[in-house]
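The structure file upload.pdb is reproduced below (PDB, C-alpha atoms).
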ATOM      1  CA  MET E   1     126.836  73.161  86.971
ATOM      2  CA  ILE E   2     125.027  74.188  90.115
ATOM      3  CA  ARG E   3     121.537  75.685  89.850
ATOM      4  CA  TYR E   4     120.578  77.962  92.714
ATOM      5  CA  GLU E   5     116.787  78.204  92.917
ATOM      6  CA  LEU E   6     115.657  81.603  94.205
ATOM      7  CA  ASP E   7     112.253  83.040  95.019
ATOM      8  CA  ALA E   8     111.441  86.743  95.365
ATOM      9  CA  ALA E   9     112.469  86.839  99.033
ATOM     10  CA  ASP E  10     115.799  85.217  98.192
ATOM     11  CA  ILE E  11     116.501  87.843  95.528
ATOM     12  CA  SER E  12     115.802  90.721  97.904
ATOM     13  CA  ALA E  13     118.108  89.157 100.509
ATOM     14  CA  ILE E  14     121.167  88.813  98.245
ATOM     15  CA  ARG E  15     124.185  90.484  99.799
ATOM     16  CA  PHE E  16     127.854  91.087  99.032
ATOM     17  CA  GLY E  17     130.824  90.326 101.217
ATOM     18  CA  ILE E  18     134.609  90.229 101.295
ATOM     19  CA  SER E  19     136.479  87.423 103.032
ATOM     20  CA  PRO E  20     140.245  87.828 103.533
ATOM     21  CA  LEU E  21     140.612  84.095 104.255
ATOM     22  CA  SER E  22     138.662  83.145 101.150
ATOM     23  CA  GLU E  23     140.825  85.461  99.044
ATOM     24  CA  LEU E  24     143.913  83.891 100.588
ATOM     25  CA  GLY E  25     142.535  80.409  99.937
ATOM     26  CA  LEU E  26     141.696  81.192  96.323
ATOM     27  CA  GLY E  27     145.069  82.900  95.934
ATOM     28  CA  LEU E  28     146.847  79.634  96.747
ATOM     29  CA  ARG E  29     145.802  78.448  93.291
ATOM     30  CA  ALA E  30     148.071  81.089  91.790
ATOM     31  CA  PHE E  31     150.962  79.657  93.811
ATOM     32  CA  SER E  32     150.603  76.239  92.193
ATOM     33  CA  GLN E  33     149.309  77.272  88.744
ATOM     34  CA  PRO E  34     150.554  80.825  88.041
ATOM     35  CA  GLU E  35     149.894  80.484  84.303
ATOM     36  CA  GLY E  36     146.165  80.517  85.078
ATOM     37  CA  PHE E  37     146.315  83.991  86.652
ATOM     38  CA  PRO E  38     148.109  86.313  84.218
ATOM     39  CA  LEU E  39     146.669  89.473  85.782
ATOM     40  CA  GLN E  40     148.292  88.562  89.084
ATOM     41  CA  ARG E  41     151.767  87.926  87.677
ATOM     42  CA  PRO E  42     153.056  91.272  89.053
ATOM     43  CA  TRP E  43     151.881  90.185  92.521
ATOM     44  CA  LEU E  44     153.576  86.814  92.162
ATOM     45  CA  GLU E  45     156.785  88.596  91.176
ATOM     46  CA  ARG E  46     156.537  90.870  94.210
ATOM     47  CA  ILE E  47     156.198  87.958  96.629
ATOM     48  CA  ALA E  48     158.786  85.668  95.001
ATOM     49  CA  SER E  49     161.446  86.601  97.558
ATOM     50  CA  VAL E  50     159.292  85.540 100.546
ATOM     51  CA  ARG E  51     158.016  82.231  99.155
ATOM     52  CA  PRO E  52     160.890  80.286 100.773
ATOM     53  CA  LEU E  53     159.572  81.489 104.149
ATOM     54  CA  LEU E  54     156.131  79.923 103.600
ATOM     55  CA  ASP E  55     154.970  76.499 104.739
ATOM     56  CA  LEU E  56     154.244  75.453 101.165
ATOM     57  CA  GLU E  57     153.811  71.801 102.135
ATOM     58  CA  VAL E  58     150.671  72.798 104.028
ATOM     59  CA  LEU E  59     149.469  75.563 101.716
ATOM     60  CA  LEU E  60     149.714  73.644  98.450
ATOM     61  CA  ALA E  61     147.988  70.625  99.996
ATOM     62  CA  LEU E  62     144.823  72.737 100.219
ATOM     63  CA  VAL E  63     144.491  72.850  96.398
ATOM     64  CA  ASN E  64     144.240  70.131  93.744
ATOM     65  CA  ASP E  65     145.143  70.041  90.047
ATOM     66  CA  ARG E  66     141.630  71.196  89.067
ATOM     67  CA  LYS E  67     142.058  74.348  91.178
ATOM     68  CA  TRP E  68     139.587  73.097  93.762
ATOM     69  CA  THR E  69     140.279  74.531  97.199
ATOM     70  CA  ALA E  70     139.127  73.051 100.497
ATOM     71  CA  ASP E  71     135.878  74.700 101.579
ATOM     72  CA  PHE E  72     137.169  75.531 105.059
ATOM     73  CA  VAL E  73     139.562  78.107 103.561
ATOM     74  CA  ASN E  74     136.770  79.642 101.468
ATOM     75  CA  PRO E  75     134.289  80.652 104.185
ATOM     76  CA  ARG E  76     131.242  82.708 103.362
ATOM     77  CA  PRO E  77     131.971  86.168 104.830
ATOM     78  CA  ALA E  78     129.910  86.867 107.914
ATOM     79  CA  SER E  79     129.875  90.605 107.120
ATOM     80  CA  PRO E  80     131.054  92.946 104.366
ATOM     81  CA  LEU E  81     134.284  93.601 106.275
ATOM     82  CA  THR E  82     135.187  90.276 107.876
ATOM     83  CA  SER E  83     138.608  90.201 109.559
ATOM     84  CA  LEU E  84     141.207  87.526 108.927
ATOM     85  CA  ASP E  85     141.835  87.098 112.663
ATOM     86  CA  ASP E  86     138.177  86.254 113.245
ATOM     87  CA  GLU E  87     138.184  83.807 110.341
ATOM     88  CA  LEU E  88     141.338  82.044 111.545
ATOM     89  CA  THR E  89     139.863  81.813 115.033
ATOM     90  CA  ALA E  90     136.750  80.188 113.590
ATOM     91  CA  LEU E  91     138.927  77.803 111.581
ATOM     92  CA  GLY E  92     140.590  76.752 114.820
ATOM     93  CA  ARG E  93     137.239  75.321 115.974
ATOM     94  CA  ILE E  94     136.787  73.024 112.969
ATOM     95  CA  THR E  95     136.023  69.424 113.910
ATOM     96  CA  ARG E  96     138.112  66.524 112.708
ATOM     97  CA  ALA E  97     135.122  65.146 110.754
ATOM     98  CA  HIS E  98     134.521  68.467 108.974
ATOM     99  CA  PHE E  99     138.232  68.902 108.246
ATOM    100  CA  THR E 100     138.577  65.384 106.878
ATOM    101  CA  THR E 101     135.442  65.571 104.725
ATOM    102  CA  ASP E 102     136.485  68.864 103.079
ATOM    103  CA  LEU E 103     139.930  67.510 102.217
ATOM    104  CA  GLU E 104     138.530  64.263 100.851
ATOM    105  CA  ARG E 105     136.202  66.214  98.561
ATOM    106  CA  VAL E 106     139.259  67.937  97.081
ATOM    107  CA  HIS E 107     141.790  65.106  96.982
ATOM    108  CA  GLY E 108     139.829  61.890  97.502
ATOM    109  CA  GLU E 109     141.880  61.378 100.656
ATOM    110  CA  VAL E 110     143.546  63.345 103.422
ATOM    111  CA  PRO E 111     147.034  64.482 102.311
ATOM    112  CA  ALA E 112     149.841  63.133 104.464
ATOM    113  CA  VAL E 113     150.714  66.561 105.858
ATOM    114  CA  PHE E 114     147.246  66.758 107.459
ATOM    115  CA  ARG E 115     147.361  63.388 109.166
ATOM    116  CA  GLY E 116     148.121  63.260 112.838
ATOM    117  CA  ARG E 117     146.800  64.757 116.036
ATOM    118  CA  HIS E 118     143.979  67.117 115.068
ATOM    119  CA  ASP E 119     144.902  70.059 117.306
ATOM    120  CA  VAL E 120     148.537  69.953 116.166
ATOM    121  CA  VAL E 121     147.535  69.821 112.494
ATOM    122  CA  ILE E 122     145.098  72.742 112.840
ATOM    123  CA  ALA E 123     147.626  74.849 114.738
ATOM    124  CA  ARG E 124     150.159  74.338 111.951
ATOM    125  CA  LEU E 125     147.515  75.201 109.348
ATOM    126  CA  GLN E 126     146.627  78.427 111.168
ATOM    127  CA  ARG E 127     150.319  79.410 111.383
ATOM    128  CA  ALA E 128     150.859  78.654 107.707
ATOM    129  CA  LEU E 129     147.870  80.745 106.657
ATOM    130  CA  ALA E 130     148.752  83.621 108.995
ATOM    131  CA  THR E 131     152.320  83.707 107.690
ATOM    132  CA  ALA E 132     151.141  83.634 104.075
ATOM    133  CA  TRP E 133     148.832  86.534 104.851
ATOM    134  CA  ASP E 134     151.478  88.600 106.631
ATOM    135  CA  LEU E 135     154.112  88.129 103.924
ATOM    136  CA  CYS E 136     152.109  87.890 100.703
ATOM    137  CA  PHE E 137     148.764  89.599 101.211
ATOM    138  CA  ALA E 138     148.930  92.192 103.989
ATOM    139  CA  PRO E 139     151.517  94.400 102.208
ATOM    140  CA  HIS E 140     149.218  94.560  99.160
ATOM    141  CA  TRP E 141     145.792  94.311 100.800
ATOM    142  CA  ALA E 142     145.027  98.032 100.548
ATOM    143  CA  ARG E 143     145.294  97.788  96.776
ATOM    144  CA  MET E 144     143.516  94.419  96.544
ATOM    145  CA  SER E 145     140.640  95.353  98.835
ATOM    146  CA  THR E 146     140.104  98.637  97.019
ATOM    147  CA  VAL E 147     139.432  96.692  93.821
ATOM    148  CA  LEU E 148     137.014  94.413  95.686
ATOM    149  CA  ARG E 149     135.148  97.290  97.351
ATOM    150  CA  ALA E 150     134.998  99.224  94.098
ATOM    151  CA  ASP E 151     133.422  96.213  92.415
ATOM    152  CA  ILE E 152     130.746  96.008  95.107
ATOM    153  CA  ALA E 153     130.037  99.742  94.860
ATOM    154  CA  TYR E 154     129.692  99.445  91.080
ATOM    155  CA  ARG E 155     127.295  96.498  91.280
ATOM    156  CA  GLY E 156     125.303  98.229  93.990
ATOM    157  CA  ARG E 157     124.691 101.106  91.568
ATOM    158  CA  ILE E 158     123.667  98.621  88.850
ATOM    159  CA  ALA E 159     121.232  96.953  91.252
ATOM    160  CA  ALA E 160     119.672 100.319  92.099
ATOM    161  CA  GLN E 161     119.364 101.335  88.440
ATOM    162  CA  ALA E 162     118.521  98.067  86.667
ATOM    163  CA  GLY E 163     117.721  95.472  89.320
ATOM    164  CA  MET E 164     119.462  92.510  90.858
ATOM    165  CA  GLY E 165     118.783  90.323  87.819
ATOM    166  CA  THR E 166     121.093  92.523  85.763
ATOM    167  CA  VAL E 167     123.733  92.231  88.466
ATOM    168  CA  LEU E 168     123.517  88.415  88.488
ATOM    169  CA  ASN E 169     123.779  88.227  84.703
ATOM    170  CA  GLY E 170     126.808  90.510  84.781
ATOM    171  CA  LEU E 171     128.898  88.518  87.246
ATOM    172  CA  SER E 172     130.548  86.296  84.644
ATOM    173  CA  ASP E 173     129.921  84.581  81.334
ATOM    174  CA  ALA E 174     129.633  81.420  83.431
ATOM    175  CA  ALA E 175     126.615  82.692  85.415
ATOM    176  CA  ARG E 176     123.104  83.111  84.041
ATOM    177  CA  TYR E 177     119.893  84.172  85.800
ATOM    178  CA  ASP E 178     116.480  83.532  84.210
ATOM    179  CA  GLY E 179     114.249  85.112  86.824
ATOM    180  CA  ARG E 180     114.039  81.992  88.944
ATOM    181  CA  HIS E 181     117.335  80.123  88.672
ATOM    182  CA  LEU E 182     120.946  81.244  88.886
ATOM    183  CA  ASP E 183     122.933  78.719  86.840
ATOM    184  CA  VAL E 184     126.634  78.693  87.678
ATOM    185  CA  ARG E 185     128.606  76.707  85.122
ATOM    186  CA  LEU E 186     131.492  74.858  86.711
ATOM    187  CA  TRP E 187     133.865  72.289  85.263
ATOM    188  CA  ASN E 188     131.454  69.463  86.136
ATOM    189  CA  PRO E 189     128.590  69.556  83.568
ATOM    190  CA  GLU E 190     126.246  67.596  85.855
ATOM    191  CA  ILE E 191     123.372  69.796  87.094
ATOM    192  CA  ARG E 192     123.201  70.001  90.876
ATOM    193  CA  ARG E 193     120.154  71.789  92.284
ATOM    194  CA  ARG E 194     120.376  73.899  95.425
ATOM    195  CA  PRO E 195     117.183  75.658  96.584
ATOM    196  CA  VAL E 196     118.201  78.764  98.531
ATOM    197  CA  ARG E 197     115.110  78.615 100.782
ATOM    198  CA  GLY E 198     116.006  81.518 102.998
ATOM    199  CA  ASP E 199     119.669  80.535 103.472
ATOM    200  CA  GLY E 200     120.715  83.696 101.647
ATOM    201  CA  LEU E 201     122.907  84.049  98.565
ATOM    202  CA  THR E 202     126.194  85.869  99.083
ATOM    203  CA  LEU E 203     128.212  87.312  96.199
ATOM    204  CA  VAL E 204     131.941  87.536  96.872
ATOM    205  CA  PRO E 205     134.232  89.409  94.447
ATOM    206  CA  SER E 206     137.701  87.939  94.050
ATOM    207  CA  ILE E 207     140.885  88.749  92.186
ATOM    208  CA  PHE E 208     141.763  85.042  92.116
ATOM    209  CA  THR E 209     138.676  83.717  90.342
ATOM    210  CA  VAL E 210     138.817  83.718  86.552
ATOM    211  CA  ARG E 211     135.267  82.453  85.912
ATOM    212  CA  VAL E 212     133.189  81.670  88.998
ATOM    213  CA  SER E 213     133.621  79.499  92.077
ATOM    214  CA  THR E 214     131.144  78.025  94.550
ATOM    215  CA  PRO E 215     131.505  75.814  97.619
ATOM    216  CA  ILE E 216     132.225  72.188  96.791
ATOM    217  CA  ASP E 217     129.725  71.105  99.458
ATOM    218  CA  ASP E 218     126.231  71.941  98.205
ATOM    219  CA  ASP E 219     124.918  71.900 101.777
ATOM    220  CA  LEU E 220     126.935  75.009 102.620
ATOM    221  CA  PRO E 221     125.189  78.398 102.400
ATOM    222  CA  PRO E 222     124.886  79.496  98.741
ATOM    223  CA  THR E 223     127.923  81.557  97.753
ATOM    224  CA  VAL E 224     129.231  82.700  94.374
ATOM    225  CA  MET E 225     132.807  83.957  94.122
ATOM    226  CA  TYR E 226     133.218  85.889  90.878
ATOM    227  CA  PRO E 227     135.998  87.910  89.190
ATOM    228  CA  ALA E 228     136.173  91.497  90.414
ATOM    229  CA  ARG E 229     136.254  94.260  87.842
ATOM    230  CA  GLY E 230     139.253  96.563  87.402
ATOM    231  CA  GLN E 231     141.989  93.988  87.952
ATOM    232  CA  GLY E 232     143.837  94.904  84.779
ATOM    233  CA  ALA E 233     145.081  98.187  86.213
ATOM    234  CA  MET E 234     145.542  96.978  89.782
ATOM    235  CA  TRP E 235     149.315  96.650  89.669
ATOM    236  CA  SER E 236     150.023  99.436  87.209
ATOM    237  CA  THR E 237     151.282 102.882  88.064
ATOM    238  CA  SER E 238     149.938 105.860  86.255
ATOM    239  CA  GLY E 239     152.442 107.243  83.778
ATOM    240  CA  GLN E 240     150.010 108.433  81.121
ATOM    241  CA  PRO E 241     149.857 112.223  80.737
ATOM    242  CA  ALA E 242     146.370 113.712  80.810
ATOM    243  CA  PRO E 243     145.169 115.522  77.694
ATOM    244  CA  ASP E 244     146.711 118.988  77.573
ATOM    245  CA  ALA E 245     143.451 120.913  77.727
ATOM    246  CA  VAL E 246     142.154 119.138  80.823
ATOM    247  CA  SER E 247     145.596 119.281  82.417
ATOM    248  CA  ASP E 248     145.774 123.044  81.785
ATOM    249  CA  LEU E 249     142.309 123.467  83.308
ATOM    250  CA  LEU E 250     142.652 121.305  86.395
ATOM    251  CA  GLY E 251     146.364 120.902  86.887
ATOM    252  CA  ARG E 252     148.286 117.756  86.084
ATOM    253  CA  THR E 253     147.549 115.826  89.302
ATOM    254  CA  ARG E 254     143.800 116.487  89.277
ATOM    255  CA  ALA E 255     143.537 115.694  85.563
ATOM    256  CA  THR E 256     145.341 112.402  86.171
ATOM    257  CA  LEU E 257     143.025 111.620  89.080
ATOM    258  CA  LEU E 258     139.977 112.333  86.934
ATOM    259  CA  ALA E 259     141.254 110.001  84.228
ATOM    260  CA  ALA E 260     141.882 107.252  86.823
ATOM    261  CA  LEU E 261     138.435 107.449  88.425
ATOM    262  CA  GLY E 262     136.371 105.771  85.729
ATOM    263  CA  GLU E 263     136.114 103.010  88.358
ATOM    264  CA  PRO E 264     135.588 103.694  92.087
ATOM    265  CA  ALA E 265     138.810 103.888  94.074
ATOM    266  CA  SER E 266     139.937 105.016  97.510
ATOM    267  CA  SER E 267     142.442 107.745  98.230
ATOM    268  CA  THR E 268     144.848 105.072  99.535
ATOM    269  CA  ASP E 269     144.821 103.189  96.249
ATOM    270  CA  LEU E 270     145.160 106.386  94.238
ATOM    271  CA  ALA E 271     148.129 107.441  96.353
ATOM    272  CA  LEU E 272     149.796 104.094  95.622
ATOM    273  CA  GLN E 273     149.201 104.481  91.894
ATOM    274  CA  LEU E 274     150.425 108.060  91.637
ATOM    275  CA  GLY E 275     153.203 108.026  94.198
ATOM    276  CA  VAL E 276     151.625 110.947  96.075
ATOM    277  CA  SER E 277     150.806 111.100  99.786
ATOM    278  CA  THR E 278     147.287 110.082 100.800
ATOM    279  CA  SER E 279     146.695 113.455 102.500
ATOM    280  CA  ALA E 280     147.556 115.310  99.278
ATOM    281  CA  ILE E 281     145.266 113.025  97.264
ATOM    282  CA  ASN E 282     142.422 113.638  99.737
ATOM    283  CA  GLN E 283     142.775 117.402  99.321
ATOM    284  CA  HIS E 284     142.506 117.107  95.544
ATOM    285  CA  LEU E 285     139.539 114.738  95.762
ATOM    286  CA  ARG E 286     137.589 117.030  98.098
ATOM    287  CA  VAL E 287     138.108 119.985  95.751
ATOM    288  CA  MET E 288     137.038 117.949  92.711
ATOM    289  CA  GLU E 289     133.979 116.640  94.539
ATOM    290  CA  ARG E 290     132.898 120.149  95.513
ATOM    291  CA  ALA E 291     133.312 121.165  91.867
ATOM    292  CA  GLY E 292     130.901 118.399  90.850
ATOM    293  CA  LEU E 293     133.482 116.326  88.974
ATOM    294  CA  LEU E 294     133.376 113.360  91.363
ATOM    295  CA  ASN E 295     130.866 111.367  93.357
ATOM    296  CA  ARG E 296     131.698 109.342  96.416
ATOM    297  CA  ALA E 297     130.250 106.318  98.199
ATOM    298  CA  ARG E 298     131.078 104.943 101.631
ATOM    299  CA  TYR E 299     131.820 101.237 101.987
ATOM    300  CA  GLY E 300     132.509 100.299 105.600
ATOM    301  CA  ARG E 301     135.298 102.574 106.754
ATOM    302  CA  ALA E 302     136.484 103.337 103.228
ATOM    303  CA  VAL E 303     135.306 106.175 100.976
ATOM    304  CA  LEU E 304     135.337 105.391  97.266
ATOM    305  CA  TYR E 305     135.431 108.154  94.636
ATOM    306  CA  TYR E 306     134.336 107.913  91.010
ATOM    307  CA  ARG E 307     133.649 110.336  88.171
ATOM    308  CA  SER E 308     130.325 112.138  87.965
ATOM    309  CA  ALA E 309     128.585 112.855  84.670
ATOM    310  CA  ALA E 310     130.387 116.221  84.591
ATOM    311  CA  GLY E 311     133.701 114.446  85.176
ATOM    312  CA  ASP E 312     132.925 111.983  82.385
ATOM    313  CA  ALA E 313     132.291 114.879  80.025
ATOM    314  CA  LEU E 314     135.824 116.157  80.616
ATOM    315  CA  THR E 315     137.418 112.746  80.057
ATOM    316  CA  PRO E 316     138.161 111.564  76.524
TER     317      PRO E 316
END
How would this structure read if it were set down as structure tokens?
Amino acid sequence: MIRYELDAADISAIRFGISPLSELGLGLRAFSQPEGFPLQRPWLERIASVRPLLDLEVLLALVNDRKWTADFVNPRPASPLTSLDDELTALGRITRAHFTTDLERVHGEVPAVFRGRHDVVIARLQRALATAWDLCFAPHWARMSTVLRADIAYRGRIAAQAGMGTVLNGLSDAARYDGRHLDVRLWNPEIRRRPVRGDGLTLVPSIFTVRVSTPIDDDLPPTVMYPARGQGAMWSTSGQPAPDAVSDLLGRTRATLLAALGEPASSTDLALQLGVSTSAINQHLRVMERAGLLNRARYGRAVLYYRSAAGDALTP
């Protein structure tokens, strides 16, 4: 267990972020241990045909049997909308000592595939990660990132209504906040103490974390990667008819949208779910928002919609 010690200034400075490279790094665990990620089985089935094109020798050497992943592929996001290109560029500057230490923390040694001339090894690692992203993540990132942004929007509303303590206690059953300490229960029961002391605590939602994850190196900036909400419906398509009365009132498409927006979602994700063009979805959403059935929140360049109290009243 790691105990993050926070004072009042640390609590007020807590922020959220999304890291494409961290999500890729955590996602490698599903490659090696798919049984541990049942909600992502549809994704694994979708990418099965491209797995032979991946440099799996490199990718799987980043993870061990305990699902530990090398810290250098789980960077703390520098901003809410960090780009993968920027993160891979930063990875290219990693020193041999840093690279070796992170791998030894995971495996107890440096795997054979990572031995050799440092610049050659890092170049191969960057290519392997970029290829995995292009083939396995980029085609599905709109859907994945919508879930992550929706989670952040939801927790932002909780923070505004009930305070950050409620947010911290709602991250996972494996995280508990007592007003001074955030205890994150990991597989190692030994208590490790990490005063935040102005380093900032970053909360990173993930679809590849079942409980919670933190950096292996306690000297790294405090970061908690926790399971994002709404994953259960991420790969489903909407085939459920809306109740007849609401469908008669709003029309079938708008009634279906209203039923789907119990959690924040973007028009892109809704278009994927319903098989309707994004422009058509946007027209429906604008009408429903003007009618008071939906609220919206901006997150970076994305606009997330969710039901208002009036919309909730129409939804069984």
Review point. Written as number ranges by chain, which residues does the PyMOL selection byres ((chain E and resi 201-210) around 7) give for the file shown?
Key: E: 14-18, 23, 26-27, 148, 199-200, 211-213, 222-228, 231
Selection to disk with C-alpha atoms, as a tab-separated table (two decimals), in the frame of the given file:
chain	number	residue	atom	x	y	z
E	14	ILE	CA	121.17	88.81	98.24
E	15	ARG	CA	124.18	90.48	99.80
E	16	PHE	CA	127.85	91.09	99.03
E	17	GLY	CA	130.82	90.33	101.22
E	18	ILE	CA	134.61	90.23	101.30
E	23	GLU	CA	140.82	85.46	99.04
E	26	LEU	CA	141.70	81.19	96.32
E	27	GLY	CA	145.07	82.90	95.93
E	148	LEU	CA	137.01	94.41	95.69
E	199	ASP	CA	119.67	80.54	103.47
E	200	GLY	CA	120.72	83.70	101.65
E	211	ARG	CA	135.27	82.45	85.91
E	212	VAL	CA	133.19	81.67	89.00
E	213	SER	CA	133.62	79.50	92.08
E	222	PRO	CA	124.89	79.50	98.74
E	223	THR	CA	127.92	81.56	97.75
E	224	VAL	CA	129.23	82.70	94.37
E	225	MET	CA	132.81	83.96	94.12
E	226	TYR	CA	133.22	85.89	90.88
E	227	PRO	CA	136.00	87.91	89.19
E	228	ALA	CA	136.17	91.50	90.41
E	231	GLN	CA	141.99	93.99	87.95
Study note, to complete from the structure: Taken to one decimal, the CA of Pro264 (chain E)-CA of Leu304 (chain E) distance is 5.5 Å
Check your understanding: Hey, what comes out of the PyMOL selection byres ((chain E and resi 60-73) around 7) on this file? Could you write it as a VMD selection string?
Key -> chain E and resid 21 to 22 25 to 26 28 to 29 32 56 to 59 74 to 75 102 to 103 106 to 107 111 215 to 216
Point to revise | Proximity to Pro139 (chain E) - best of E:Tyr305, E:Trp187, E:Trp43, E:Tyr177, all atoms listed in the file | key: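 Comparing E:Tyr305, E:Trp187, E:Trp43, E:Tyr177 against Pro139 (chain E), the winner is E:Trp43.
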Check your understanding: How far is it from CA of Thr315 (chain E) to CA of Arg143 (chain E), in Å with one decimal?
Key ->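 Straight-line distance from CA of Thr315 (chain E) to CA of Arg143 (chain E) works out to 23.8 Å.
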Review point. Quick one, how far is CA of Ala291 (chain E) from CA of Ala260 (chain E)?
Key: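 So the answer is 17.1 Å.
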Practice item. Give the answer as one residue: which of E:Thr146, E:Thr131, E:Thr214, E:Ser172 has the shortest atom-to-atom distance to Leu24 (chain E), using only C-alpha atoms? Key: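 Among the listed residues, E:Thr131 lies closest to Leu24 (chain E).
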Using only C-alpha atoms, what does the table of region 133-192 of chain E residues within 10 Å of region 1-13 of chain E look like, with each row giving the shortest atom pair and its distance in Å to one decimal, sorted by chain and ascending number, as a tab-separated table?
residue	atom	partner	partner_atom	distance
E:Gly163	CA	E:Ile11	CA	9.9
E:Met164	CA	E:Ile11	CA	7.2
E:Gly165	CA	E:Ile11	CA	8.4
E:Leu168	CA	E:Ile11	CA	10.0
E:Ala174	CA	E:Met1	CA	9.4
E:Ala175	CA	E:Met1	CA	9.7
E:Arg176	CA	E:Arg3	CA	9.6
E:Tyr177	CA	E:Tyr4	CA	9.3
E:Gly179	CA	E:Leu6	CA	8.3
E:Arg180	CA	E:Leu6	CA	5.5
E:His181	CA	E:Glu5	CA	4.7
E:Leu182	CA	E:Tyr4	CA	5.1
E:Asp183	CA	E:Arg3	CA	4.5
E:Val184	CA	E:Ile2	CA	5.4
E:Arg185	CA	E:Met1	CA	4.4
E:Leu186	CA	E:Met1	CA	5.0
E:Trp187	CA	E:Met1	CA	7.3
E:Asn188	CA	E:Met1	CA	6.0
E:Pro189	CA	E:Met1	CA	5.3
E:Glu190	CA	E:Met1	CA	5.7
E:Ile191	CA	E:Met1	CA	4.8
E:Arg192	CA	E:Ile2	CA	4.6
Review point. Between E:Ile152, E:Ala313, E:Leu250, E:Leu220, which has the minimum distance to Arg298 (chain E) (counting all atoms listed in the file)?
Key: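 Selected residue with least distance to Arg298 (chain E): E:Ile152.
When all atoms listed in the file are used to compute distances to His140 (chain E), the closest of the residues E:Pro42, E:Gly275, E:Gly251, E:Gly170 turns out to be E:Pro42.
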Review point. Which is closer to Leu129 (chain E) than all the others in E:Ala78, E:Leu54, E:Ala153, E:Leu272, using all atoms listed in the file?
Key: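 So, comparing all the options, the nearest one is E:Leu54.
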Exercise for review: Convert the output of the PyMOL selection byres ((chain E and resi 261) around 10) on the shown file into explicit residues, formatted as a ChimeraX atom specification.
Suggested key: /E:256-260,262-266,270,294-295,304-308,311-312,315
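The nearest approach to Ala30 (chain E) among the residues E:Asn282, E:Leu44, E:Val287, E:Ile122, with all atoms listed in the file taken into account, belongs to E:Leu44.
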